[in-house]
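The structure under discussion appears below in the form of structure tokens.
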2 protein chains.
Amino acid sequence: MQIGILGSGNVGGALGRRWAAAGHPVLFASREPDSPRMAALVAAAGPLARAATAAETVASSDIVLLATPWPATRDAVANLPWEGKILIDATNPLLPALAGLEFANTTSGAEQVAAWAPGARVVKAFNTIGYNIMENPTFHGAPVTLLYCGDDPAAKAAVRSLAADAGFAPEDAGRLLRARLLEPFALLWISLAMLEGYGRDIAFSLLRRNDTMVL
Amino acid sequence: MQIGILGSGNVGGALGRRWAAAGHPVLFASREPDSPRMAALVAAAGPLARAATAAETVASSDIVLLATPWPATRDAVANLPWEGKILIDATNPLLPALAGLEFANTTSGAEQVAAWAPGARVVKAFNTIGYNIMENPTFHGAPVTLLYCGDDPAAKAAVRSLAADAGFAPEDAGRLLRARLLEPFALLWISLAMLEGYGRDIAFSLLRRNDTMVL
């Protein structure tokens, strides 16, 4: 399954490397696919990775991870061949200085992204924890929770599988409108990590009363 | 330390019983302190508990837990002697059918409660999990996380101690405006538990990379 990455920063880089290491071919989109930065990223991701334009990345991929800074998101997804593609929205519509969310409560960034990428099968995922957790999703010897949501069951099943491939314990949060809750949940992680002194090495795990804890 | 409970339903009943069992005197507020329902609650909470009017409860207590259904909250807190009292806001400003929050993103229910109870030192807490978790906050042998926030450090320290007395692992989420994130976090728990098939025996625990897991 060909995976494309739109936004090859900390988040896109970490997940692209992990998915390539798990055996998936990965395309990193860039306006400058031949730049030294992209060459270094591709080299770090190994032989299954290469860089390409955004148009080629979306056209050639079955699943595309969107991991752009929020202000760049609309332009990043506009005018690409989304029809039938699975789009993993890992963005968060953060206001400057983490003051809140541009879209909240009665809509969400994910619903905006779905409107901006007509034809795409949007799944919200990988937005609720930092890139450092994506690089190592193991806490106390067990995979940490990754919540996702979306309206297309087959797309969600594919993303669930990719979350497991990246080392997470995926948990289904329901329809895409649950992004209205997953985006504030992301801002909670960000606020604790960046503003409240917890640092970035934290994660929330969803526990069930009768789980057997794997240590 | 005298504790008052405004809203003696599932949440107020569970926490009042636990605090009385932990050695705190507890007043349960009621419009009908002599009713059979209140007599049963007081009997279940033991010799440190009794029922009283809302005015007596607030006047006589150092800390008051607010655990009313959201539509009853404004009337429940209006015109009571709040000056200097610690008010634990365990409510959530839920819209009908769990469609969202009445206040979100740029304000919060907690900030509204603070405006409705002038003089009170408001701490948001005990809003993010169901009453069944309050009755038994232990998952896999360890206390589960309870996030709280507020603007008064001494009030927060008192609530932190009460959270520990109730069996939780308390975690400071910062100033009262972080209720803008703790209230959507509550709705995430509620949505998973009630709408997405997880059931009520779930909880989120905040993990640190280098924690020693207590089992």
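In the structure tokens, the first chain shown is A, the next is B, and so on; residue numbers restart at 1 for each chain, and ligands run from 1 in the order shown.
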All strand (DSSP E) positions in region 19-200 of chain A, as a PyMOL selection string
chain A and resi 26-29+49-52+63-66+86-89+121-124+138-139+142-143+145-150+169-172
Writer output for current selection, C-alpha atoms, as a compact mmCIF listing (two decimals), in the first residue's frame:
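Below you can see part_6.txt, which holds the result:
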# COMPACT_ATOMS: atom_id res chain seq x y z
CA VAL A 26 6.44 6.01 1.20
CA LEU A 27 6.40 9.17 -0.93
CA PHE A 28 7.35 12.42 0.80
CA ALA A 29 5.78 15.42 -0.99
CA ALA A 49 11.05 5.98 0.50
CA ARG A 50 11.43 8.72 -2.09
CA ALA A 51 10.46 12.35 -2.59
CA ALA A 52 7.98 13.67 -5.15
CA ILE A 63 -3.30 6.74 1.69
CA VAL A 64 -2.02 10.28 2.26
CA LEU A 65 -0.97 11.64 5.65
CA LEU A 66 -1.64 15.37 5.99
CA ILE A 86 -7.76 8.00 2.09
CA LEU A 87 -6.65 11.23 3.73
CA ILE A 88 -5.30 10.98 7.29
CA ASP A 89 -5.73 14.41 8.85
CA ARG A 121 -12.08 9.73 2.57
CA VAL A 122 -10.91 11.66 5.62
CA VAL A 123 -9.81 9.99 8.85
CA LYS A 124 -8.64 12.12 11.78
CA THR A 138 5.85 2.68 23.93
CA PHE A 139 5.15 3.62 27.56
CA ALA A 142 3.08 -1.19 26.11
CA PRO A 143 1.81 0.67 23.03
CA THR A 145 -3.44 4.78 22.77
CA LEU A 146 -4.11 6.48 19.44
CA LEU A 147 -7.65 7.75 18.92
CA TYR A 148 -9.00 8.16 15.39
CA CYS A 149 -12.36 8.95 13.80
CA GLY A 150 -13.94 9.12 10.36
CA ALA A 169 -2.83 0.84 20.28
CA PRO A 170 -5.55 2.32 18.02
CA GLU A 171 -9.01 3.16 19.43
CA ASP A 172 -12.03 4.10 17.31
Find the nearest atom pair between each residue of chain B and chain A for residues within 6 Å, count only C-alpha atoms, give distances in Å to one decimal, sort rows by chain and ascending number, and present the table as a Markdown table.
| residue | atom | partner | partner_atom | distance |
| --- | --- | --- | --- | --- |
| B:Gly100 | CA | A:Asn105 | CA | 5.8 |
| B:Asn105 | CA | A:Gly100 | CA | 5.8 |
| B:Phe139 | CA | A:Arg209 | CA | 5.7 |
| B:Leu181 | CA | A:Leu188 | CA | 5.8 |
| B:Pro184 | CA | A:Leu181 | CA | 5.8 |
| B:Leu188 | CA | A:Leu181 | CA | 5.8 |
| B:Asp201 | CA | A:Arg209 | CA | 5.4 |
| B:Ile202 | CA | A:Arg208 | CA | 4.6 |
| B:Ala203 | CA | A:Leu207 | CA | 5.3 |
| B:Phe204 | CA | A:Leu206 | CA | 4.5 |
| B:Ser205 | CA | A:Ser205 | CA | 5.2 |
| B:Leu206 | CA | A:Phe204 | CA | 4.5 |
| B:Leu207 | CA | A:Ala203 | CA | 5.2 |
| B:Arg208 | CA | A:Ile202 | CA | 4.6 |
| B:Arg209 | CA | A:Asp201 | CA | 5.4 |
Restricted to C-alpha atoms, what would the selected residues look like written as an mmCIF file, in the first residue's frame?
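Final output, out-v3.cif:
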data_model
loop_
_atom_site.group_PDB
_atom_site.id
_atom_site.type_symbol
_atom_site.label_atom_id
_atom_site.label_comp_id
_atom_site.auth_asym_id
_atom_site.auth_seq_id
_atom_site.Cartn_x
_atom_site.Cartn_y
_atom_site.Cartn_z
ATOM 1 C CA GLY B 100 -21.458 19.718 22.057
ATOM 2 C CA ASN B 105 -12.987 27.142 23.149
ATOM 3 C CA PHE B 139 -7.485 0.569 37.152
ATOM 4 C CA LEU B 181 -9.911 21.785 27.371
ATOM 5 C CA PRO B 184 -14.244 18.764 25.823
ATOM 6 C CA LEU B 188 -14.782 12.728 24.875
ATOM 7 C CA ASP B 201 -15.676 1.311 32.684
ATOM 8 C CA ILE B 202 -13.013 3.311 30.856
ATOM 9 C CA ALA B 203 -10.602 6.025 31.923
ATOM 10 C CA PHE B 204 -7.697 7.968 30.493
ATOM 11 C CA SER B 205 -4.454 7.830 32.410
ATOM 12 C CA LEU B 206 -1.685 10.341 31.910
ATOM 13 C CA LEU B 207 1.565 8.442 31.509
ATOM 14 C CA ARG B 208 5.083 9.784 31.765
ATOM 15 C CA ARG B 209 7.828 8.047 29.853
#
Given only C-alpha atoms as the basis, pick out the residue of A:Ile190, A:Ala21, A:Leu177, A:Ala154 nearest to Thr128 (chain A).
A:Ile190
Exercise: Ala117 (chain B) partners within 7 Å, only C-alpha atoms, chain neighbours under 5 positions left out, as a count of residues only
3
A:Gly13, A:Pro118, A:Pro25, A:Gly130: which is nearest Gly84 (chain A), counting only C-alpha atoms?
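Ranking A:Gly13, A:Pro118, A:Pro25, A:Gly130 by distance to Gly84 (chain A), first place goes to A:Pro118.
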Every residue of region 67-123 of chain B that DSSP places in alpha helix (DSSP H), as a list in words
Trp70, Pro71, Ala72, Thr73, Arg74, Asp75, Ala76, Val77, Gly109, Ala110, Glu111, Gln112, Val113, Ala114, Ala115 and Trp116 of chain B
Using N, CA and C atoms, can you write the selected residues to a file as a CSV table (one decimal), in the first residue's frame?
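Saved file again.csv follows:
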chain,number,residue,atom,x,y,z
B,70,TRP,N,-26.2,20.4,34.1
B,70,TRP,CA,-25.9,21.8,33.7
B,70,TRP,C,-27.1,22.7,33.6
B,71,PRO,N,-28.3,22.3,33.2
B,71,PRO,CA,-29.4,23.3,33.1
B,71,PRO,C,-29.8,23.8,34.5
B,72,ALA,N,-29.4,23.1,35.6
B,72,ALA,CA,-29.8,23.6,36.9
B,72,ALA,C,-28.7,24.3,37.6
B,73,THR,N,-27.5,24.5,36.9
B,73,THR,CA,-26.3,25.0,37.6
B,73,THR,C,-26.4,26.5,38.0
B,74,ARG,N,-26.9,27.3,37.1
B,74,ARG,CA,-26.9,28.7,37.4
B,74,ARG,C,-27.8,29.0,38.6
B,75,ASP,N,-29.0,28.4,38.6
B,75,ASP,CA,-29.9,28.6,39.8
B,75,ASP,C,-29.3,28.0,41.0
B,76,ALA,N,-28.6,26.9,40.9
B,76,ALA,CA,-28.0,26.3,42.1
B,76,ALA,C,-27.0,27.1,42.8
B,77,VAL,N,-26.2,27.9,42.0
B,77,VAL,CA,-25.1,28.6,42.7
B,77,VAL,C,-25.5,30.1,43.0
B,109,GLY,N,-17.6,26.4,30.8
B,109,GLY,CA,-18.6,26.4,31.9
B,109,GLY,C,-18.0,26.8,33.2
B,110,ALA,N,-16.7,26.4,33.5
B,110,ALA,CA,-16.1,26.8,34.7
B,110,ALA,C,-16.0,28.3,34.9
B,111,GLU,N,-15.6,29.0,33.8
B,111,GLU,CA,-15.5,30.5,33.8
B,111,GLU,C,-16.9,31.1,34.0
B,112,GLN,N,-18.0,30.5,33.5
B,112,GLN,CA,-19.3,30.9,33.8
B,112,GLN,C,-19.7,30.7,35.2
B,113,VAL,N,-19.4,29.6,35.7
B,113,VAL,CA,-19.7,29.3,37.2
B,113,VAL,C,-19.0,30.3,38.0
B,114,ALA,N,-17.7,30.6,37.7
B,114,ALA,CA,-17.0,31.6,38.5
B,114,ALA,C,-17.7,33.0,38.5
B,115,ALA,N,-18.3,33.3,37.3
B,115,ALA,CA,-19.0,34.6,37.2
B,115,ALA,C,-20.3,34.5,38.0
B,116,TRP,N,-20.9,33.3,38.1
B,116,TRP,CA,-22.2,33.2,38.8
B,116,TRP,C,-22.1,33.1,40.3
Which is closer to Ala125 (chain A) than all the others in A:Ala20, A:Leu176, A:Val58, A:Ala90, using only C-alpha atoms?
A:Ala90
For the atom pair CA of Arg18 (chain B) and CA of Gly4 (chain B), what is the interatomic distance in Å to one decimal place?
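For CA of Arg18 (chain B) relative to CA of Gly4 (chain B), the distance reads 13.0 Å.
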Restricting the calculation to only C-alpha atoms, which member of A:Ile129, A:Ala67, A:Leu48, A:Ala54 is positioned closest to Ala193 (chain A)?
A:Ile129
Please compute the CA of Val11 (chain B)-CA of Asp152 (chain B) distance, one decimal, in Å.
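These two atoms are separated by 23.6 Å.
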Give the answer as one residue: which of A:Asp62, A:Ala120, A:Ala22, A:Pro96 has the shortest atom-to-atom distance to Glu83 (chain A), using only C-alpha atoms?
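Closest residue, counting only C-alpha atoms: A:Ala120.
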